[in-house]
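Colleague: Pasting upload_9.cif below, which is mmCIF, C-alpha atoms and all ligand atoms.
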data_structure
loop_
_atom_site.label_atom_id
_atom_site.label_comp_id
_atom_site.auth_asym_id
_atom_site.auth_seq_id
_atom_site.Cartn_x
_atom_site.Cartn_y
_atom_site.Cartn_z
CA MET A 292 -18.32 5.27 -23.01
CA ASP A 293 -15.23 6.21 -20.99
CA ARG A 294 -12.52 3.66 -20.38
CA ILE A 295 -10.87 4.28 -17.03
CA LEU A 296 -7.56 2.69 -16.09
CA SER A 297 -5.10 2.89 -13.24
CA GLY A 298 -2.75 0.80 -11.14
CA ILE A 299 -0.50 0.75 -8.10
CA LYS A 300 2.84 -0.95 -7.88
CA PRO A 301 3.37 -3.38 -4.99
CA THR A 302 6.77 -1.95 -4.02
CA GLY A 303 5.83 -1.61 -0.35
CA GLN A 304 3.07 -1.08 2.17
CA LEU A 305 0.40 1.27 0.86
CA THR A 306 0.34 4.74 2.42
CA LEU A 307 -2.34 7.24 3.25
CA GLY A 308 -1.08 9.11 0.15
CA ASN A 309 -1.97 6.14 -2.05
CA TYR A 310 -5.38 5.96 -0.36
CA ILE A 311 -6.24 9.63 -0.79
CA GLY A 312 -4.61 10.28 -4.18
CA ALA A 313 -5.53 6.98 -5.79
CA ILE A 314 -7.63 4.21 -4.19
CA LYS A 315 -10.44 6.27 -2.65
CA ASN A 316 -10.80 8.13 -5.93
CA PHE A 317 -10.81 4.92 -8.01
CA ALA A 318 -13.79 3.75 -6.00
CA LYS A 319 -15.52 7.08 -6.58
CA VAL A 320 -15.08 7.20 -10.37
CA GLN A 321 -15.38 3.50 -11.22
CA TYR A 322 -19.00 3.63 -12.44
CA GLU A 323 -18.35 6.60 -14.74
CA GLY A 324 -17.08 4.18 -17.36
CA GLU A 325 -15.67 0.73 -17.95
CA THR A 326 -12.89 0.44 -15.41
CA PHE A 327 -9.68 -1.59 -15.41
CA LEU A 328 -7.60 -1.54 -12.30
CA PHE A 329 -4.40 -3.50 -11.99
CA ILE A 330 -1.63 -4.30 -9.58
CA ALA A 331 1.59 -3.31 -11.30
CA ASP A 332 3.70 -6.23 -10.13
CA LEU A 333 6.09 -6.05 -13.08
CA HIS A 334 6.72 -2.40 -12.25
CA ALA A 335 7.57 -3.39 -8.68
CA LEU A 336 10.64 -5.25 -9.97
CA THR A 337 12.26 -1.94 -10.89
CA LEU A 338 13.64 -1.74 -7.34
CA PRO A 339 15.07 -4.78 -5.50
CA ILE A 340 12.30 -6.71 -3.72
CA GLU A 341 12.01 -10.11 -2.01
CA PRO A 342 9.74 -12.58 -3.85
CA GLU A 343 7.50 -13.19 -0.81
CA THR A 344 7.20 -9.47 -0.18
CA LEU A 345 6.21 -8.79 -3.77
CA ASN A 346 3.64 -11.54 -3.63
CA LYS A 347 2.16 -10.41 -0.32
CA ASN A 348 2.09 -6.74 -1.32
CA SER A 349 0.25 -7.63 -4.52
CA ARG A 350 -2.52 -9.49 -2.70
CA ASP A 351 -2.73 -6.69 -0.18
CA ILE A 352 -3.37 -4.11 -2.88
CA ALA A 353 -6.16 -6.25 -4.31
CA ALA A 354 -7.72 -6.52 -0.85
CA TYR A 355 -7.39 -2.77 -0.27
CA TYR A 356 -9.06 -2.07 -3.61
CA LEU A 357 -12.00 -4.22 -2.53
CA ALA A 358 -12.08 -2.72 0.97
CA ALA A 359 -12.28 0.76 -0.57
CA GLY A 360 -15.44 -0.25 -2.42
CA LEU A 361 -14.12 -1.25 -5.82
CA ASP A 362 -16.73 -3.54 -7.25
CA PRO A 363 -15.20 -6.58 -8.98
CA LYS A 364 -18.43 -7.22 -10.89
CA HIS A 365 -18.02 -3.87 -12.59
CA THR A 366 -14.28 -3.15 -12.38
CA SER A 367 -11.74 -5.62 -13.73
CA ILE A 368 -9.11 -6.03 -11.02
CA PHE A 369 -6.05 -7.99 -12.08
CA LEU A 370 -2.32 -8.57 -11.85
CA GLN A 371 -0.29 -6.94 -14.61
CA SER A 372 1.84 -10.10 -14.93
CA ASP A 373 -1.29 -12.22 -15.56
CA VAL A 374 -1.88 -10.41 -18.84
CA SER A 375 1.22 -11.05 -20.94
CA GLU A 376 0.12 -8.48 -23.54
CA HIS A 377 1.53 -5.75 -21.24
CA SER A 378 5.04 -7.10 -21.75
CA GLU A 379 4.54 -7.84 -25.42
CA LEU A 380 3.32 -4.36 -26.22
CA ALA A 381 6.07 -2.75 -24.14
CA ILE A 382 8.68 -4.47 -26.33
CA ILE A 383 7.09 -2.81 -29.35
CA LEU A 384 6.55 0.62 -27.80
CA GLN A 385 10.13 0.89 -26.55
CA ASN A 386 11.10 1.74 -30.12
CA TYR A 387 8.87 4.81 -30.13
CA LEU A 388 10.07 6.43 -26.91
CA TYR A 389 13.50 7.98 -26.70
CA MET A 390 16.42 7.90 -24.26
CA GLY A 391 16.42 11.70 -23.87
CA GLU A 392 12.81 11.94 -22.77
CA LEU A 393 13.03 8.89 -20.50
CA SER A 394 16.08 10.32 -18.74
CA ARG A 395 14.17 13.53 -17.98
CA MET A 396 11.43 11.76 -15.99
CA THR A 397 11.31 12.97 -12.37
CA GLN A 398 10.62 9.51 -10.96
CA PHE A 399 13.68 8.11 -12.75
CA LYS A 400 15.86 10.99 -11.59
CA ASP A 401 14.64 10.73 -7.98
CA LYS A 402 14.91 6.97 -7.67
CA SER A 403 18.19 6.57 -9.58
CA SER A 404 19.90 9.45 -7.79
CA LYS A 405 20.10 7.26 -4.68
CA MET A 406 21.83 4.43 -6.58
CA LYS A 407 25.22 3.73 -8.11
CA GLU A 408 25.06 3.96 -11.90
CA GLU A 409 26.12 0.30 -12.31
CA ALA A 410 23.14 -0.75 -10.15
CA ILE A 411 20.39 1.15 -11.97
CA GLY A 412 18.26 -1.44 -13.73
CA LEU A 413 17.13 -0.90 -17.29
CA GLY A 414 13.58 -1.50 -16.06
CA LEU A 415 13.66 1.60 -13.88
CA PHE A 416 14.73 3.66 -16.87
CA ALA A 417 12.17 2.05 -19.18
CA TYR A 418 9.34 2.22 -16.61
CA PRO A 419 7.27 4.71 -18.65
CA VAL A 420 7.41 2.41 -21.68
CA LEU A 421 5.67 -0.40 -19.80
CA MET A 422 3.29 2.15 -18.29
CA ALA A 423 2.39 3.43 -21.77
CA ALA A 424 1.64 -0.18 -22.75
CA ASP A 425 -0.51 -0.62 -19.60
CA ILE A 426 -2.59 2.37 -20.61
CA VAL A 427 -3.03 1.96 -24.34
CA LEU A 428 -3.87 -1.76 -24.19
CA TYR A 429 -7.28 -0.87 -22.72
CA ASN A 430 -8.01 2.07 -25.04
CA ALA A 431 -8.25 4.03 -21.82
CA ASN A 432 -9.05 7.72 -22.12
CA ARG A 433 -9.22 8.55 -18.39
CA ILE A 434 -6.24 7.82 -16.17
CA PRO A 435 -6.87 8.78 -12.52
CA VAL A 436 -3.48 9.19 -10.80
CA GLY A 437 -1.68 11.20 -8.17
CA GLU A 438 0.40 14.16 -9.27
CA ASP A 439 3.67 12.22 -9.51
CA GLN A 440 2.37 9.99 -12.29
CA VAL A 441 1.08 12.74 -14.56
CA GLN A 442 4.44 13.06 -16.30
CA HIS A 443 4.34 9.40 -17.30
CA VAL A 444 0.83 9.73 -18.68
CA GLU A 445 2.07 12.67 -20.76
CA LEU A 446 4.71 10.39 -22.22
CA ALA A 447 2.03 7.81 -23.03
CA ARG A 448 0.20 10.59 -24.89
CA ASP A 449 3.36 11.30 -26.88
CA VAL A 450 3.75 7.70 -27.90
CA VAL A 451 0.08 7.51 -28.93
CA LYS A 452 0.57 10.60 -31.12
CA ARG A 453 3.66 9.05 -32.73
CA MET A 454 1.99 5.70 -33.39
CA ASN A 455 -1.20 7.25 -34.73
CA ASN A 456 0.67 9.68 -37.02
CA ARG A 457 2.70 6.88 -38.46
CA TYR A 458 0.15 4.04 -38.69
CA GLY A 459 -3.30 5.64 -38.65
CA LYS A 460 -5.57 5.95 -35.65
CA ILE A 461 -4.80 2.69 -33.88
CA LEU A 462 -4.60 3.85 -30.25
CA ALA A 463 -6.91 5.86 -27.99
CA MET A 464 -5.58 9.08 -26.46
CA PRO A 465 -5.26 8.91 -22.66
CA LYS A 466 -5.56 11.84 -20.28
CA ALA A 467 -4.39 12.04 -16.68
CA GLU A 468 -6.85 13.27 -14.05
CA MET A 469 -6.21 14.05 -10.42
CA VAL A 470 -8.27 14.51 -7.29
CA LYS A 471 -8.86 18.21 -6.57
CA VAL A 472 -7.49 17.92 -3.04
CA GLY A 473 -4.83 15.37 -2.09
CA ALA A 474 -3.06 14.54 -5.36
CA ARG A 475 0.24 14.93 -3.54
CA ILE A 476 0.19 14.09 0.17
CA MET A 477 3.52 14.99 1.74
CA SER A 478 5.67 13.16 4.28
CA LEU A 479 4.69 13.89 7.89
CA SER A 480 8.34 14.18 8.91
CA ASP A 481 9.47 16.25 5.93
CA PRO A 482 6.62 18.11 4.23
CA SER A 483 8.89 19.08 1.32
CA LYS A 484 8.88 15.41 0.22
CA LYS A 485 6.07 13.29 -1.19
CA MET A 486 4.78 10.47 1.02
CA SER A 487 6.01 7.34 -0.85
CA LYS A 488 5.66 3.70 0.02
CA SER A 489 9.22 2.95 -1.09
CA ASP A 490 10.58 5.68 1.20
CA PRO A 491 9.43 4.99 4.77
CA LYS A 492 10.13 8.46 6.17
CA GLY A 493 7.02 10.15 7.49
CA ASP A 494 4.56 7.64 6.03
CA ILE A 495 1.25 6.57 7.45
CA TYR A 496 0.76 3.00 6.33
CA LEU A 497 -2.68 1.55 5.79
CA SER A 498 -1.37 -1.42 7.78
CA ASP A 499 -0.53 0.76 10.82
CA SER A 500 -2.80 0.28 13.80
CA LEU A 501 -5.23 3.13 14.52
CA GLU A 502 -3.11 3.97 17.56
CA VAL A 503 0.05 4.28 15.50
CA MET A 504 -1.73 6.40 12.90
CA ARG A 505 -2.87 8.74 15.66
CA LYS A 506 0.62 8.95 17.15
CA LYS A 507 2.19 9.69 13.78
CA ILE A 508 -0.21 12.55 13.18
CA MET A 509 0.32 13.97 16.67
CA SER A 510 4.08 14.00 16.07
CA ALA A 511 3.92 15.35 12.50
CA VAL A 512 6.33 18.21 11.78
CA THR A 513 4.58 21.58 11.96
CA ASP A 514 5.67 25.10 11.13
CA MET A 515 6.59 28.39 12.77
CA GLY A 516 3.73 30.38 14.26
CA LYS A 517 0.55 28.90 15.66
CA GLU A 518 -2.17 29.70 13.15
CA ILE A 519 -4.08 27.03 11.23
CA LYS A 520 -3.81 28.46 7.75
CA TYR A 521 -3.51 26.93 4.26
CA ASP A 522 -0.21 28.24 2.94
CA PRO A 523 1.89 25.48 1.34
CA ILE A 524 4.95 27.73 0.88
CA ASN A 525 5.25 29.09 4.41
CA LYS A 526 3.28 26.44 6.29
CA PRO A 527 3.90 23.18 4.44
CA GLY A 528 3.34 20.92 7.48
CA ILE A 529 0.01 22.44 8.51
CA SER A 530 -1.10 22.70 4.88
CA ASN A 531 -0.40 19.00 4.39
CA LEU A 532 -2.46 18.08 7.46
CA MET A 533 -5.23 20.39 6.23
CA THR A 534 -5.14 18.61 2.88
CA ILE A 535 -5.50 15.24 4.60
CA MET A 536 -8.41 16.56 6.65
CA SER A 537 -10.11 18.23 3.71
CA SER A 538 -9.81 15.23 1.39
CA LEU A 539 -11.29 12.85 3.96
CA SER A 540 -13.95 15.10 5.50
CA GLY A 541 -15.02 17.09 2.45
CA LYS A 542 -14.54 20.35 4.40
CA SER A 543 -12.91 23.18 2.45
CA PHE A 544 -9.69 24.84 3.61
CA GLU A 545 -11.67 27.95 4.52
CA GLU A 546 -14.05 25.96 6.69
CA ILE A 547 -11.14 24.30 8.46
CA GLU A 548 -9.39 27.66 9.01
CA LYS A 549 -12.58 29.11 10.52
CA GLU A 550 -13.12 26.11 12.76
CA PHE A 551 -9.64 26.48 14.27
CA VAL A 552 -9.39 30.22 14.76
CA GLY A 553 -7.87 30.80 18.19
CA LYS A 554 -7.01 27.12 18.64
CA GLY A 555 -3.51 25.63 18.64
CA TYR A 556 -1.65 23.00 16.66
CA GLY A 557 -2.41 20.37 19.31
CA ASP A 558 -6.19 20.74 18.95
CA PHE A 559 -5.90 20.76 15.21
CA LYS A 560 -3.75 17.62 15.06
CA ARG A 561 -6.17 15.80 17.35
CA ALA A 562 -9.00 16.67 14.97
CA VAL A 563 -6.99 15.49 11.95
CA ALA A 564 -6.22 12.22 13.76
CA ASP A 565 -9.95 11.77 14.50
CA VAL A 566 -10.85 12.21 10.84
CA VAL A 567 -8.18 9.73 9.73
CA VAL A 568 -9.12 7.16 12.36
CA ASN A 569 -12.84 7.47 11.54
CA GLU A 570 -12.12 6.77 7.89
CA MET A 571 -9.56 4.04 8.49
CA ALA A 572 -11.38 2.03 11.19
CA PRO A 573 -14.12 0.58 8.93
CA PHE A 574 -11.79 0.43 5.94
CA LYS A 575 -9.22 -1.64 7.82
CA ALA A 576 -11.94 -3.91 9.21
CA ARG A 577 -13.21 -4.59 5.68
CA TYR A 578 -9.67 -5.30 4.53
CA GLU A 579 -9.21 -7.91 7.31
CA GLU A 580 -12.46 -9.61 6.36
CA ILE A 581 -11.49 -9.73 2.69
CA ILE A 582 -8.03 -11.14 3.39
CA GLN A 583 -9.60 -13.90 5.54
CA SER A 584 -12.32 -14.65 2.97
CA GLY A 585 -10.15 -15.97 0.13
CA LEU A 586 -12.01 -13.66 -2.25
CA VAL A 587 -8.84 -12.10 -3.65
CA ASP A 588 -7.80 -15.05 -5.84
CA GLU A 589 -11.21 -15.36 -7.38
CA VAL A 590 -11.36 -11.64 -8.15
CA LEU A 591 -7.88 -11.64 -9.71
CA SER A 592 -8.55 -14.62 -11.98
CA GLU A 593 -11.86 -13.23 -13.17
CA GLY A 594 -10.32 -9.76 -13.68
CA ALA A 595 -7.40 -11.14 -15.68
CA LYS A 596 -9.78 -13.06 -17.95
CA ARG A 597 -11.75 -9.93 -18.78
CA ALA A 598 -8.65 -7.77 -19.16
CA LYS A 599 -6.99 -10.27 -21.48
CA VAL A 600 -9.81 -10.07 -24.01
CA VAL A 601 -9.41 -6.30 -24.45
CA ALA A 602 -5.61 -6.37 -24.27
CA LYS A 603 -5.31 -9.10 -26.90
CA GLU A 604 -7.48 -7.15 -29.31
CA THR A 605 -5.32 -4.04 -29.00
CA LEU A 606 -2.05 -5.93 -29.28
CA THR A 607 -3.27 -7.67 -32.45
CA ARG A 608 -4.32 -4.32 -33.92
CA VAL A 609 -0.89 -2.84 -33.24
CA GLN A 610 0.92 -5.90 -34.58
CA HIS A 611 -1.06 -5.73 -37.81
CA ALA A 612 -0.51 -2.01 -38.21
CA ILE A 613 3.25 -2.24 -37.87
CA GLY A 614 3.69 -5.33 -40.05
CA LEU A 615 3.93 -8.14 -37.53
CA TYR A 616 1.53 -10.59 -39.13
CA ARG A 617 1.41 -13.56 -41.48
CA LYS A 618 -0.58 -13.31 -44.69
P1 LIG A 701 6.80 4.25 -4.92
O1 LIG A 701 7.63 4.86 -3.86
O2 LIG A 701 7.03 2.78 -5.10
O3 LIG A 701 6.84 5.00 -6.21
P2 LIG A 701 4.22 5.43 -4.38
O4 LIG A 701 3.69 5.61 -3.00
O5 LIG A 701 4.69 6.63 -5.11
O6 LIG A 701 5.34 4.30 -4.31
P3 LIG A 701 2.92 4.37 -6.75
O7 LIG A 701 2.69 2.91 -6.92
O8 LIG A 701 4.05 5.00 -7.50
O9 LIG A 701 3.08 4.70 -5.19
O10 LIG A 701 1.60 5.14 -7.10
C1 LIG A 701 0.29 4.60 -6.94
C2 LIG A 701 -0.73 5.71 -7.08
O11 LIG A 701 -0.71 6.51 -5.87
C3 LIG A 701 -0.41 6.69 -8.20
O12 LIG A 701 -1.63 7.13 -8.79
C4 LIG A 701 0.28 7.81 -7.51
O13 LIG A 701 0.24 9.02 -8.22
C5 LIG A 701 -0.49 7.88 -6.20
N1 LIG A 701 0.33 8.47 -5.13
C6 LIG A 701 1.55 8.04 -4.73
N2 LIG A 701 1.99 8.79 -3.71
C7 LIG A 701 1.04 9.72 -3.48
C8 LIG A 701 0.92 10.80 -2.54
N3 LIG A 701 1.88 11.06 -1.68
N4 LIG A 701 -0.20 11.56 -2.57
C9 LIG A 701 -1.20 11.31 -3.46
N5 LIG A 701 -1.14 10.32 -4.37
C10 LIG A 701 -0.05 9.52 -4.38
MG MG A 702 5.45 6.52 -7.08
#
Would it be possible to restate this file's structure as structure tokens?
Ligand code: ATP
Ligand code: MG

Modeller:
Amino acid sequence: MDRILSGIKPTGQLTLGNYIGAIKNFAKVQYEGETFLFIADLHALTLPIEPETLNKNSRDIAAYYLAAGLDPKHTSIFLQSDVSEHSELAIILQNYLYMGELSRMTQFKDKSSKMKEEAIGLGLFAYPVLMAADIVLYNANRIPVGEDQVQHVELARDVVKRMNNRYGKILAMPKAEMVKVGARIMSLSDPSKKMSKSDPKGDIYLSDSLEVMRKKIMSAVTDMGKEIKYDPINKPGISNLMTIMSSLSGKSFEEIEKEFVGKGYGDFKRAVADVVVNEMAPFKARYEEIIQSGLVDEVLSEGAKRAKVVAKETLTRVQHAIGLYRK
């Protein structure tokens, strides 16, 4: 039986990138195994954030999970900070990951490059340690993520290898998996950059009104020429919009190219906006209903209870293996 695990950190408003690369896919794969899905609130502390914002973002993610069709009867949905084993295991694992490899992580390099050295928190540097703990606690073998998180899952694999070589087979080996189309949605204003919730440039937010979403797509940066063609090197803007369209409509790039032969960027963008709005209208309506319903708290408490049972078992196994026990 597969164990599937993933999470999103409540650092900001969720984007269309998070929806396509992560949430929509979580809902699709959830029944292929036993699924644990958390809100990585401890990870959100790695960049400065207001307490109320962190709290609101966390509840929002839970509501978006539910709105996307994640089924709380099947999938355990919980807050990372509600299961203290995440922190406890991270303290252990930090001794099996090394400064050199942590400093080579793209996310760390990207996010810290914008800061003064004195202001870079240890948590940002040690992010992959906590993420390795998140993963191995649930004996998860399948880790659905967007492209940017694959490097961290690789590091979790390294730590599993190290622990298992040293102490016997105590941890399951995780593997990252990505959606075929849409694992890296780019910014609409700068298609050389990933759309990121902590970097507001060129984002479509799930909280944007349908009107705003449409406007943002209509004003997305496009490329030289006027052909609708999938060519990420020479036509990154159009290719990004094609990716959005393909991932939401199921049409292949070839089909989209054929459909728009002889048509211009304006027609194409209108069609992309239609696809996005058609997907987002019912999704956003469900989200509103869920937020009003008070369901979120119930789901999070139940999810944490179930998660804790599995997490505790793994932590105890690790503690025993490394010598942290009383006779
Ligand atoms: P942050 O700027 O705080 O890092 P983020 O938008 O990158 O925010 P994460 O919480 O880091 O979001 O990632 C949540 C999930 O969404 C991960 O699986 C990640 O790989 C995926 N994801 C993030 N951005 C994109 C994107 N632009 N396209 C596809 N998937 C994405
Ligand atoms: Mg990210």

Colleague: Skipping near chain neighbours, those fewer than 5 positions away, what residues fall within 12 Å of region 392-395 of chain A using all atoms listed in the file, listed as a list in words?

Modeller: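 Contacts, in chain order: Gln385, Tyr387, Lys400, Asp401, Lys402, Ser403, Ser404, Leu413, Gly414, Leu415, Phe416, Ala417, Tyr418, Pro419, Val420, Leu421, Gln442, His443, Glu445, Leu446, Ala447, Asp449 and Val450 of chain A.
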
Colleague: With all atoms listed in the file as the basis for distance, which of A:Lys549, A:Lys520, A:Arg294, A:Lys492 is at the shortest distance from Met464 (chain A)?

Modeller: A:Arg294

Colleague: For ligand LIG 701 (chain A), list the contacting residues at 6 Å or closer, counting only C-alpha atoms and all ligand atoms, as a list in words.

Modeller: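 Here is the list of contacting residues: Ile299, Lys300, Thr302, Gly308, Asn309, Ile311, Gly312, Ala313, Val436, Gly437, Glu438, Asp439, Gln440, Gly473, Ala474, Arg475, Ile476, Met477, Lys485, Met486, Ser487, Lys488, Ser489 and Asp490 of chain A.
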
Colleague: Given the choices A:Lys603, A:Lys575, A:Lys542, A:His611, which gets closest to Asp351 (chain A) if the distance is worked out from all atoms listed in the file?

Modeller: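 The shortest atom-to-atom distance to Asp351 (chain A) comes from A:Lys575.
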
Colleague: I need the residue nearest Leu380 (chain A) from this list: A:Phe574, A:Tyr355, A:Phe551, A:Tyr429. Use all atoms listed in the file for the distance.

Modeller: A:Tyr429

Colleague: Adding 6 Å on each side of the box along x, y and z that holds all listed atoms of region 465-477 of chain A, could you give its centre and edge lengths in Å to one decimal, as JSON?

Modeller:
{"center_x": -2.7, "center_y": 13.6, "center_z": -10.5, "size_x": 24.4, "size_y": 21.3, "size_z": 36.4}

Colleague: Nearest to Thr326 (chain A) among A:Ala359, A:Leu307, A:Ile581, A:Ile434, with distances taken over all atoms listed in the file: which residue is it?

Modeller: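 So, comparing all the options, the nearest one is A:Ile434.
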
Colleague: What is the distance, in Å and to one decimal place, between CA of Met536 (chain A) and CA of Val567 (chain A)?

Modeller: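 Going from CA of Met536 (chain A) over to CA of Val567 (chain A), I get 7.5 Å.
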
Colleague: Restricting the calculation to all atoms listed in the file: of A:Tyr458, A:Ile382, A:Tyr322, A:Asn430, which residue gets closest to Gly614 (chain A)?

Modeller: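 Looking only at the distances to Gly614 (chain A), the closest residue turns out to be A:Tyr458.
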
Colleague: With only C-alpha atoms as the basis for distance, which of A:Lys596, A:Lys506, A:His334, A:His365 is at the shortest distance from Ala424 (chain A)?

Modeller: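 Between A:Lys596, A:Lys506, A:His334, A:His365, the residue approaching Ala424 (chain A) most closely is A:His334.
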
Colleague: CA of Arg597 (chain A) and CA of Glu341 (chain A) are how many Å apart?

Modeller: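 Those two atoms sit 29.1 Å apart.
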
Colleague: Between CA of Lys484 (chain A) and CA of Val566 (chain A), what is the distance, to one decimal in Å?

Modeller: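 Computed distance, CA of Lys484 (chain A) to CA of Val566 (chain A), equals 22.6 Å.
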
Colleague: Within 12 Å of region 466-472 of chain A, which residues of region 334-431 of chain A come that close, and what is the closest atom pair and distance in Å for each? Count only C-alpha atoms and give it as CSV.

Modeller:
residue,atom,partner,partner_atom,distance
A:Ala423,CA,A:Lys466,CA,11.7
A:Ile426,CA,A:Lys466,CA,9.9
A:Val427,CA,A:Lys466,CA,11.0
A:Asn430,CA,A:Lys466,CA,11.1
A:Ala431,CA,A:Lys466,CA,8.4

Colleague: Give me a file of those residues, with C-alpha atoms, as a PDB file, keeping the file's coordinate frame.

Modeller:
ATOM      1  CA  ALA A 423       2.390   3.430 -21.770  1.00  0.00           C
ATOM      2  CA  ILE A 426      -2.590   2.370 -20.610  1.00  0.00           C
ATOM      3  CA  VAL A 427      -3.030   1.960 -24.340  1.00  0.00           C
ATOM      4  CA  ASN A 430      -8.010   2.070 -25.040  1.00  0.00           C
ATOM      5  CA  ALA A 431      -8.250   4.030 -21.820  1.00  0.00           C
TER       6      ALA A 431
END

Colleague: Excluding Arg561 (chain A) and any residue of its chain fewer than 4 positions from it, enumerate the residues within 12 Å of it, using all atoms listed in the file, and give them as an MDAnalysis selection string.

Modeller: chainID A and resid 504:511 532 536 551 554:557 565:568

Colleague: Would you mind listing what lies within 12 Å of Leu428 (chain A) as JSON, numbers by chain, with all atoms listed in the file counted and same-chain residues fewer than 2 positions away left out?

Modeller: {"A": [294, 295, 296, 297, 327, 371, 374, 375, 376, 377, 378, 379, 380, 381, 384, 421, 422, 423, 424, 425, 426, 430, 431, 432, 447, 451, 461, 462, 463, 464, 465, 598, 599, 600, 601, 602, 603, 604, 605, 606, 607, 608, 609]}

Colleague: In the coordinates of the file, take the point (0.1, 31.1, 11.5) and a cut-off of 12 Å; then, counting only C-alpha atoms, name each qualifying protein, DNA or RNA residue as a PyMOL selection string.

Modeller: chain A and resi 513-523+525-530+548+551-556

Colleague: Using the selection just defined, write its residues with C-alpha atoms as a CSV table (one decimal), in the frame of the given file.

Modeller:
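Full text of selection.csv as output:
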chain,number,residue,atom,x,y,z
A,513,THR,CA,4.6,21.6,12.0
A,514,ASP,CA,5.7,25.1,11.1
A,515,MET,CA,6.6,28.4,12.8
A,516,GLY,CA,3.7,30.4,14.3
A,517,LYS,CA,0.6,28.9,15.7
A,518,GLU,CA,-2.2,29.7,13.2
A,519,ILE,CA,-4.1,27.0,11.2
A,520,LYS,CA,-3.8,28.5,7.8
A,521,TYR,CA,-3.5,26.9,4.3
A,522,ASP,CA,-0.2,28.2,2.9
A,523,PRO,CA,1.9,25.5,1.3
A,525,ASN,CA,5.2,29.1,4.4
A,526,LYS,CA,3.3,26.4,6.3
A,527,PRO,CA,3.9,23.2,4.4
A,528,GLY,CA,3.3,20.9,7.5
A,529,ILE,CA,0.0,22.4,8.5
A,530,SER,CA,-1.1,22.7,4.9
A,548,GLU,CA,-9.4,27.7,9.0
A,551,PHE,CA,-9.6,26.5,14.3
A,552,VAL,CA,-9.4,30.2,14.8
A,553,GLY,CA,-7.9,30.8,18.2
A,554,LYS,CA,-7.0,27.1,18.6
A,555,GLY,CA,-3.5,25.6,18.6
A,556,TYR,CA,-1.6,23.0,16.7

Colleague: Counting only C-alpha atoms, find the residues whose atoms lie at most 12 Å from (-13.2, -0.9, -3.2) (file coordinates) and write them out as a ChimeraX atom specification.

Modeller: /A:310,313-322,328,352-368,574-575,577-578,581,590
